[in-house]
>>> print(open('my_file-v8.cif').read())   # mmCIF, C-alpha atoms
data_input
#
loop_
_atom_site.label_atom_id
_atom_site.label_comp_id
_atom_site.auth_asym_id
_atom_site.auth_seq_id
_atom_site.Cartn_x
_atom_site.Cartn_y
_atom_site.Cartn_z
CA MET A 1 83.10 -30.95 114.05
CA ASP A 2 79.91 -32.80 113.17
CA ASN A 3 81.32 -35.95 114.64
CA ILE A 4 81.13 -34.61 118.12
CA LEU A 5 78.67 -35.71 120.73
CA ASN A 6 76.43 -33.04 122.16
CA VAL A 7 77.91 -32.67 125.65
CA ASN A 8 79.06 -29.88 127.92
CA PRO A 9 82.82 -29.35 127.72
CA THR A 10 83.54 -30.04 131.37
CA ARG A 11 86.10 -32.17 133.14
CA MET A 12 83.30 -34.30 134.52
CA GLU A 13 82.02 -35.15 131.05
CA MET A 14 85.53 -35.84 129.84
CA THR A 15 86.17 -38.37 132.58
CA LYS A 16 82.90 -40.08 131.71
CA LEU A 17 83.74 -40.14 128.01
CA LYS A 18 87.20 -41.51 128.68
CA LYS A 19 85.66 -44.36 130.61
CA ARG A 20 83.25 -45.05 127.77
CA LEU A 21 86.09 -44.98 125.28
CA ALA A 22 88.04 -47.53 127.29
CA VAL A 23 85.02 -49.83 127.39
CA ALA A 24 84.38 -49.35 123.67
CA ARG A 25 88.00 -50.17 122.85
CA ARG A 26 87.90 -53.31 124.93
CA GLY A 27 84.57 -54.36 123.42
CA HIS A 28 85.91 -53.73 119.97
CA LYS A 29 88.92 -55.92 120.57
CA LEU A 30 86.83 -58.73 122.03
CA LEU A 31 84.28 -58.63 119.22
CA LYS A 32 87.04 -58.61 116.66
CA ASP A 33 88.54 -61.72 118.22
CA LYS A 34 85.11 -63.31 118.27
CA ARG A 35 84.60 -62.51 114.61
CA ASP A 36 87.96 -63.96 113.63
CA GLU A 37 87.34 -67.15 115.55
CA LEU A 38 83.81 -67.53 114.14
CA MET A 39 85.23 -67.05 110.68
CA LYS A 40 87.74 -69.81 111.26
CA ILE A 41 85.07 -72.24 112.44
CA PHE A 42 82.73 -71.17 109.66
CA LEU A 43 85.27 -71.89 106.96
CA ASP A 44 85.78 -75.42 108.22
CA VAL A 45 82.04 -76.02 108.47
CA VAL A 46 81.24 -74.59 105.08
CA ARG A 47 83.97 -76.57 103.36
CA ARG A 48 82.54 -79.75 104.84
CA ASN A 49 79.09 -78.53 103.84
CA LYS A 50 80.18 -78.16 100.24
CA GLU A 51 81.74 -81.61 100.16
CA LEU A 52 78.68 -83.23 101.69
CA ARG A 53 76.35 -81.44 99.32
CA GLU A 54 78.32 -82.67 96.34
CA GLN A 55 78.21 -86.24 97.65
CA VAL A 56 74.53 -86.16 98.54
CA GLU A 57 73.52 -84.63 95.24
CA GLU A 58 75.46 -87.26 93.38
CA LEU A 59 73.95 -90.11 95.39
CA LEU A 60 70.42 -88.78 95.08
CA THR A 61 70.79 -88.29 91.35
CA LYS A 62 71.83 -91.91 91.08
CA ALA A 63 68.94 -93.02 93.25
CA HIS A 64 66.53 -91.02 91.12
CA GLN A 65 67.87 -92.59 87.97
CA SER A 66 67.30 -96.11 89.28
CA PHE A 67 63.93 -95.10 90.60
CA LEU A 68 62.89 -93.71 87.25
CA VAL A 69 63.87 -96.93 85.54
CA ALA A 70 61.92 -98.92 88.10
CA ARG A 71 59.01 -96.60 87.61
CA ALA A 72 59.12 -97.14 83.89
CA VAL A 73 59.08 -100.91 84.24
CA MET A 74 56.50 -101.14 86.95
CA SER A 75 53.07 -99.57 87.00
CA VAL A 76 52.38 -96.65 89.28
CA PRO A 77 50.11 -98.48 91.75
CA VAL A 78 52.61 -101.29 92.08
CA VAL A 79 55.42 -98.91 93.02
CA GLU A 80 53.20 -97.11 95.44
CA GLU A 81 52.01 -100.32 96.96
CA ALA A 82 55.54 -101.60 97.34
CA LEU A 83 56.59 -98.52 99.27
CA MET A 84 53.39 -98.01 101.15
CA PHE A 85 54.44 -99.46 104.49
CA PRO A 86 58.06 -98.71 105.26
CA LYS A 87 59.87 -101.26 107.35
CA GLN A 88 62.56 -98.97 108.53
CA THR A 89 61.86 -96.08 110.84
CA VAL A 90 64.31 -93.36 111.69
CA GLU A 91 64.45 -91.92 115.16
CA LEU A 92 66.12 -88.58 115.07
CA SER A 93 67.31 -86.94 118.22
CA VAL A 94 68.50 -83.39 118.31
CA GLU A 95 70.98 -82.00 120.73
CA THR A 96 72.43 -78.56 120.68
CA ALA A 97 76.04 -77.57 120.77
CA ASN A 98 77.52 -74.23 121.56
CA LEU A 99 79.98 -72.84 119.03
CA MET A 100 81.27 -69.47 120.24
CA SER A 101 77.87 -68.85 121.85
CA VAL A 102 76.01 -69.76 118.69
CA THR A 103 73.57 -72.56 119.34
CA VAL A 104 73.78 -75.15 116.61
CA PRO A 105 71.93 -78.44 116.24
CA ARG A 106 73.58 -81.82 116.47
CA PHE A 107 71.60 -84.64 114.94
CA SER A 108 71.96 -88.23 115.87
CA TYR A 109 69.74 -90.94 114.59
CA ALA A 110 68.86 -94.53 115.11
CA THR A 111 67.14 -96.70 112.59
CA ALA A 112 64.76 -99.35 113.68
CA VAL A 113 63.41 -102.13 111.52
CA ALA A 114 60.02 -103.64 112.09
CA GLN A 115 59.57 -107.41 111.88
CA THR A 116 62.98 -108.25 110.64
CA ASP A 117 63.92 -111.75 109.80
CA ASP A 118 67.41 -113.05 110.21
CA ALA A 119 67.96 -114.09 106.63
CA ASP A 120 67.06 -110.60 105.45
CA SER A 121 69.25 -108.79 107.91
CA ALA A 122 72.17 -111.06 107.11
CA LEU A 123 71.93 -109.93 103.50
CA GLY A 124 71.36 -106.30 104.41
CA TRP A 125 67.84 -106.43 103.03
CA ASP A 126 66.21 -104.93 106.05
CA ILE A 127 65.30 -101.80 104.28
CA PHE A 128 63.12 -103.28 101.55
CA PRO A 129 59.50 -102.99 102.60
CA TYR A 130 58.34 -105.24 99.79
CA GLY A 131 58.72 -108.73 98.42
CA PHE A 132 60.96 -109.16 95.42
CA ALA A 133 58.46 -111.03 93.28
CA THR A 134 56.55 -108.14 91.79
CA THR A 135 59.13 -105.41 91.84
CA SER A 136 61.92 -104.43 89.56
CA GLY A 137 65.56 -104.78 90.58
CA ASP A 138 66.11 -101.10 89.88
CA LEU A 139 63.84 -100.26 92.75
CA ASP A 140 66.12 -102.27 95.05
CA ALA A 141 69.13 -100.38 93.75
CA SER A 142 67.40 -97.08 94.33
CA MET A 143 66.44 -98.06 97.87
CA GLN A 144 69.93 -99.20 98.64
CA ILE A 145 71.45 -95.92 97.45
CA LEU A 146 68.93 -93.95 99.45
CA ALA A 147 69.65 -95.98 102.56
CA SER A 148 73.36 -95.32 102.16
CA ALA A 149 72.67 -91.64 101.58
CA LEU A 150 70.73 -91.25 104.82
CA PRO A 151 73.67 -90.65 107.17
CA LEU A 152 75.21 -88.23 104.71
CA MET A 153 71.93 -86.40 104.27
CA LEU A 154 71.65 -85.91 108.01
CA GLU A 155 75.22 -84.77 108.29
CA LEU A 156 74.54 -82.37 105.44
CA ALA A 157 71.49 -81.02 107.26
CA GLU A 158 73.57 -80.48 110.37
CA SER A 159 76.46 -78.76 108.69
CA GLU A 160 74.30 -76.65 106.40
CA LYS A 161 72.21 -75.41 109.30
CA THR A 162 75.36 -74.74 111.30
CA ALA A 163 76.82 -72.79 108.40
CA GLN A 164 73.67 -70.69 108.07
CA LEU A 165 73.53 -69.90 111.77
CA LEU A 166 77.23 -69.08 111.91
CA ALA A 167 76.91 -66.85 108.85
CA GLU A 168 74.18 -64.90 110.59
CA GLU A 169 76.23 -64.52 113.77
CA ILE A 170 79.32 -63.44 111.83
CA GLU A 171 77.31 -60.84 109.99
CA LYS A 172 75.96 -59.47 113.26
CA THR A 173 79.36 -59.44 114.91
CA ARG A 174 80.93 -57.74 111.92
CA ARG A 175 78.30 -55.01 112.03
CA ARG A 176 79.03 -54.41 115.68
CA VAL A 177 82.78 -54.32 115.12
CA ASN A 178 82.34 -51.83 112.30
CA ALA A 179 79.95 -49.66 114.28
CA LEU A 180 82.43 -49.47 117.13
CA GLU A 181 85.43 -48.97 114.90
CA HIS A 182 84.03 -46.40 112.51
CA VAL A 183 81.37 -44.61 114.50
CA LEU A 184 81.53 -44.82 118.25
CA ILE A 185 85.29 -44.82 118.85
CA PRO A 186 86.07 -41.89 116.50
CA GLN A 187 83.13 -39.99 117.96
CA LEU A 188 84.40 -40.48 121.48
CA THR A 189 88.03 -39.61 120.68
CA GLU A 190 86.97 -36.49 118.82
CA THR A 191 84.68 -35.36 121.59
CA ILE A 192 87.42 -35.90 124.15
CA HIS A 193 89.80 -33.93 121.96
CA TYR A 194 87.23 -31.17 121.63
CA ILE A 195 86.74 -30.96 125.39
CA THR A 196 90.51 -30.91 126.00
CA MET A 197 90.87 -28.06 123.54
CA LYS A 198 87.97 -26.17 125.04
CA LEU A 199 89.35 -26.55 128.55
CA GLU A 200 92.83 -25.44 127.47
CA GLU A 201 91.32 -22.48 125.72
CA ASN A 202 89.45 -21.55 128.89
CA GLU A 203 92.67 -21.93 130.86
CA ARG A 204 94.55 -19.61 128.50
CA GLY A 205 91.71 -17.12 128.66
CA ASN A 206 91.90 -17.24 132.41
CA ILE A 207 95.68 -16.67 132.47
CA THR A 208 95.38 -13.68 130.16
CA ARG A 209 92.67 -12.27 132.34
CA LEU A 210 94.78 -12.70 135.46
CA MET A 211 97.77 -11.01 133.83
CA LYS A 212 95.59 -8.14 132.78
CA VAL A 213 94.14 -7.81 136.27
CA LYS A 214 97.64 -7.90 137.77
CA ASP A 215 98.75 -5.13 135.43
CA MET A 216 95.76 -3.04 136.37
CA MET A 217 96.38 -3.57 140.09
CA LEU A 218 100.05 -2.61 139.80
CA GLU A 219 99.04 0.43 137.82
CA GLN A 220 96.63 1.43 140.55
CA THR A 221 99.13 1.04 143.39
CA TYR A 222 102.27 2.52 141.85
CA ARG A 223 100.83 4.81 139.19
CA TYR A 224 103.63 4.08 136.74
CA ARG A 225 102.09 6.15 134.02
CA GLU A 226 102.06 9.37 136.05
CA ARG A 227 105.70 8.99 137.02
CA MET A 228 106.86 8.81 133.46
CA MET B 1 61.94 -87.72 119.21
CA TYR B 2 62.06 -85.64 116.11
CA LYS B 3 61.00 -86.54 112.63
CA ILE B 4 62.38 -86.03 109.17
CA GLY B 5 60.14 -84.72 106.42
CA VAL B 6 60.49 -84.64 102.67
CA ILE B 7 58.51 -82.33 100.40
CA GLY B 8 58.48 -82.61 96.65
CA ASP B 9 56.73 -84.10 93.69
CA GLN B 10 55.44 -87.61 94.18
CA ASP B 11 57.96 -89.31 91.93
CA SER B 12 61.02 -87.69 93.42
CA ILE B 13 60.28 -88.40 97.02
CA LEU B 14 58.46 -91.70 97.14
CA GLY B 15 61.67 -93.58 97.76
CA PHE B 16 62.46 -91.65 100.93
CA LYS B 17 59.45 -93.21 102.56
CA ALA B 18 61.13 -96.60 102.53
CA ILE B 19 64.08 -95.37 104.57
CA GLY B 20 61.86 -94.03 107.30
CA MET B 21 61.23 -90.40 106.42
CA SER B 22 57.79 -88.82 106.30
CA VAL B 23 56.86 -87.97 102.76
CA PHE B 24 54.63 -85.07 101.74
CA PRO B 25 53.87 -84.89 98.05
CA ALA B 26 53.12 -81.36 96.88
CA GLU B 27 52.01 -80.12 93.51
CA GLY B 28 52.55 -76.39 93.47
CA SER B 29 54.65 -74.08 95.57
CA GLU B 30 51.61 -72.78 97.46
CA GLN B 31 50.70 -76.22 98.70
CA ALA B 32 54.34 -76.92 99.51
CA GLY B 33 54.59 -73.70 101.47
CA ALA B 34 51.58 -74.61 103.55
CA ILE B 35 53.00 -78.06 104.23
CA LEU B 36 56.36 -76.57 105.16
CA GLU B 37 54.81 -74.20 107.66
CA GLN B 38 52.80 -77.05 109.11
CA LEU B 39 55.95 -79.18 109.50
CA ALA B 40 57.86 -76.32 111.09
CA ARG B 41 55.21 -76.15 113.79
CA GLU B 42 55.42 -79.85 114.45
CA ASP B 43 58.36 -81.95 115.54
CA TYR B 44 60.29 -81.93 112.33
CA ALA B 45 63.97 -81.22 112.84
CA VAL B 46 64.96 -81.67 109.21
CA VAL B 47 62.88 -81.01 106.13
CA TYR B 48 64.22 -81.89 102.72
CA ILE B 49 62.67 -80.06 99.80
CA THR B 50 63.29 -80.71 96.15
CA GLU B 51 64.88 -77.82 94.33
CA GLN B 52 62.05 -77.84 91.79
CA ILE B 53 59.58 -76.87 94.49
CA ALA B 54 61.95 -74.77 96.55
CA LYS B 55 62.82 -72.40 93.75
CA ASP B 56 59.43 -70.65 94.08
CA LEU B 57 59.46 -70.88 97.84
CA ALA B 58 62.55 -68.88 98.70
CA ASP B 59 60.71 -66.41 100.94
CA VAL B 60 59.22 -69.09 103.16
CA ILE B 61 62.51 -70.96 103.35
CA ASP B 62 64.45 -67.82 104.21
CA ARG B 63 62.16 -67.27 107.14
CA TYR B 64 63.48 -70.42 108.79
CA LYS B 65 67.09 -69.76 107.91
CA ASP B 66 68.02 -68.16 111.20
CA ARG B 67 66.10 -70.54 113.39
CA LEU B 68 67.56 -73.57 115.02
CA MET B 69 64.85 -75.83 113.70
CA PRO B 70 63.79 -77.02 111.25
CA ALA B 71 66.82 -77.30 109.06
CA ILE B 72 65.52 -76.94 105.55
CA ILE B 73 67.76 -78.66 103.08
CA LEU B 74 67.35 -78.62 99.33
CA ILE B 75 67.81 -81.84 97.43
CA PRO B 76 67.80 -82.49 93.71
CA SER B 77 64.55 -83.82 92.29
CA ASN B 78 64.36 -86.54 89.70
CA GLN B 79 64.82 -83.93 87.00
CA GLY B 80 68.36 -83.41 88.16
CA SER B 81 70.04 -80.77 90.24
CA LEU B 82 69.32 -77.13 89.54
CA GLY B 83 72.30 -75.97 91.56
CA ILE B 84 70.15 -73.93 93.92
CA GLY B 85 71.30 -75.85 96.96
CA MET B 86 74.91 -75.21 96.10
CA ARG B 87 74.18 -71.56 95.42
CA ASN B 88 72.70 -71.25 98.91
CA VAL B 89 75.92 -72.55 100.41
CA GLN B 90 77.75 -69.97 98.34
CA LYS B 91 75.37 -67.28 99.56
CA SER B 92 76.04 -68.05 103.19
CA VAL B 93 79.77 -67.79 102.48
CA GLU B 94 79.21 -64.38 100.95
CA ARG B 95 77.06 -63.34 103.85
CA ALA B 96 79.63 -64.33 106.42
CA ILE B 97 82.84 -63.32 104.75
CA GLY B 98 81.70 -60.66 102.35
CA ALA B 99 83.40 -62.27 99.42
CA ASP B 100 83.08 -65.60 97.76
CA ILE B 101 86.29 -67.38 98.55
CA LEU B 102 85.15 -70.98 98.37
CA PHE B 103 83.70 -71.16 94.90
CA ARG B 104 85.96 -68.68 93.21
CA ASP B 105 87.78 -71.24 91.17
CA ALA B 106 84.66 -73.24 90.36
#
>>> encode(input="my_file-v8.cif", output="C-alpha cells")
Amino acid sequence: MDNILNVNPTRMEMTKLKKRLAVARRGHKLLKDKRDELMKIFLDVVRRNKELREQVEELLTKAHQSFLVARAVMSVPVVEEALMFPKQTVELSVETANLMSVTVPRFSYATAVAQTDDADSALGWDIFPYGFATTSGDLDASMQILASALPLMLELAESEKTAQLLAEEIEKTRRRVNALEHVLIPQLTETIHYITMKLEENERGNITRLMKVKDMMLEQTYRYRERM
Amino acid sequence: MYKIGVIGDQDSILGFKAIGMSVFPAEGSEQAGAILEQLAREDYAVVYITEQIAKDLADVIDRYKDRLMPAIILIPSNQGSLGIGMRNVQKSVERAIGADILFRDA
C-alpha cells in the first residue's frame, strides 16, 4: 500500500497514469539498450586501455633505467644542459567523437623538428637536442625509447579518458534504468491496480444500492409484505 | 593547438622535454596540485603525472575525471611503477560494470 502514489482514484487519473506507465516502459527499454551498448563499447575500450598501459609502463620503465644510468655517468648540469632546448615539438590537436552520445576526445599529433639536418634525419637522430660529444650513450637510448613511446602514450591518454567518461555514463544510465525498473514502474502499476480496484468497488457498491432501491420501490407499489 | 604537460620529480620527467612535451618539476603534492590546476585552465589536453606524486593527489585528479579535458594519465616514475595507474583502470571497470571482470585472473 505504501508504494502507491497519492492520487484521487478516478478514471481521469487512471488514464493519465497509464500514459505515464507506457512512457516509462518505453524509456526503460531504450535506456537498457543504451546501457548494454555502452557496456559493449566500454569493454573494448578498457581492454585496449589495459594493453596500452602495460606497454607504456614497460617502455617508460626502460627509458627511466637508461636515463638513470646516463644520469649516473654525467653530471647534473650536463644532463640538464643537454636537454634544455628540445629540438622536437609536438603539436597536439584534439577532436571530439560521439560514442552513444558520450563526447570523447580524439587526439592526433604532429611532431615538428627545428633546424634538422639531412644526415641526422637519415639516421633518425632528429630527436636528440644535443651533440654526442659530451653525453653518454645511455641518454640516447633513453631518448629513443621515449620517442617511440610517444604515440603509445597519446593513445593511452585517449583510451583511458574514453574509458573514464564511458564508465561515468554507464553508471548514470544504470541508475536511471534501476530507478525506472524498481521504483517508478512498480509504483505506477500498483497505483493503477489500486484505482481499478477502487472503481470496481464503487461499481459494486452502486449495484447493491440500486438493487436495494428497486426492492424498496417494489415493496412500496405492491406491498408484498401485507399480502402475506 | 593543444599542449602536453608532464608533472613529476625532476629526474623522472626531464627526458620528456626532449620529445616535445612541457615539463613541470614538482617537489611535493601541494606544488604539483597547484601546477595541475594551472595546466587544466590552460591549453593542456593531456597531463602526465608520475605515480609518486599522484598518489597524494587523488582528490584533485578525481575532479578532472569526468571532464573532457585534460586527460590526466599516471605514468611510472624512475622509482618504478606503483601500480596505481593500473588500479585506476580497474576502478573504472568496477564503476561501469559493478564487478571486476577484466583483472579477475590477474
>>> interface_residues(input="my_file-v8.cif", of="chain B", to="chain A", cutoff="7 Å", atoms="only C-alpha atoms", output="PyMOL selection string")
chain B and resi 1-3+12+15+17-21+46+65-66+68+71+73+75-76+78+80+92+95-96
>>> residues_around(input="my_file-v8.cif", residues="Tyr194 (chain A)", least_positions_apart="3", cutoff="9 Å", atoms="only C-alpha atoms", output="list of chain:residue names")
A:Met1, A:Ile4, A:Pro9, A:Thr189, A:Glu190, A:Thr191, A:Met197, A:Lys198, A:Leu199
>>> write_last_selection(input="my_file-v8.cif", atoms="C-alpha atoms", output="tab-separated table (two decimals), in the frame of the given file")
chain	number	residue	atom	x	y	z
A	1	MET	CA	83.10	-30.95	114.05
A	4	ILE	CA	81.13	-34.61	118.12
A	9	PRO	CA	82.82	-29.35	127.72
A	189	THR	CA	88.03	-39.61	120.68
A	190	GLU	CA	86.97	-36.49	118.82
A	191	THR	CA	84.68	-35.36	121.59
A	197	MET	CA	90.87	-28.06	123.54
A	198	LYS	CA	87.97	-26.17	125.04
A	199	LEU	CA	89.35	-26.55	128.55
>>> residues_around(input="my_file-v8.cif", residues="Gln52 (chain B)", least_positions_apart="2", cutoff="12 Å", atoms="only C-alpha atoms", output="number ranges by chain")
B: 7-9, 12-13, 26-29, 32, 48-50, 54-58, 74-85
>>> closest_residue(input="my_file-v8.cif", among="A:Thr196, A:Asp140, A:Arg225, A:Leu99", to="Lys40 (chain A)", atoms="only C-alpha atoms")
A:Leu99
>>> atom_distance(input="my_file-v8.cif", atom1="CA of His193 (chain A)", atom2="CA of Val7 (chain A)")
12.5 Å
>>> atom_distance(input="my_file-v8.cif", atom1="CA of Ser66 (chain A)", atom2="CA of Asp138 (chain A)")
5.2 Å
>>> axis_aligned_box(input="my_file-v8.cif", around="region 68-79 of chain B", padding_each_side="5 Å", output="lines of an AutoDock Vina configuration file")
center_x = 65.8
center_y = -80.1
center_z = 101.0
size_x = 14.0
size_y = 23.0
size_z = 38.0
>>> atom_distance(input="my_file-v8.cif", atom1="CA of Met69 (chain B)", atom2="CA of Gln90 (chain B)")
20.9 Å
>>> resolve_selection(input="my_file-v8.cif", expression="the PyMOL selection byres ((chain A and resi 176) around 12)", output="number ranges by chain")
A: 24, 27-32, 34-35, 169-175, 177-185
>>> closest_residue(input="my_file-v8.cif", among="B:Met86, B:Pro70, B:Ile101, B:Val60", to="Tyr44 (chain B)", atoms="only C-alpha atoms")
B:Pro70
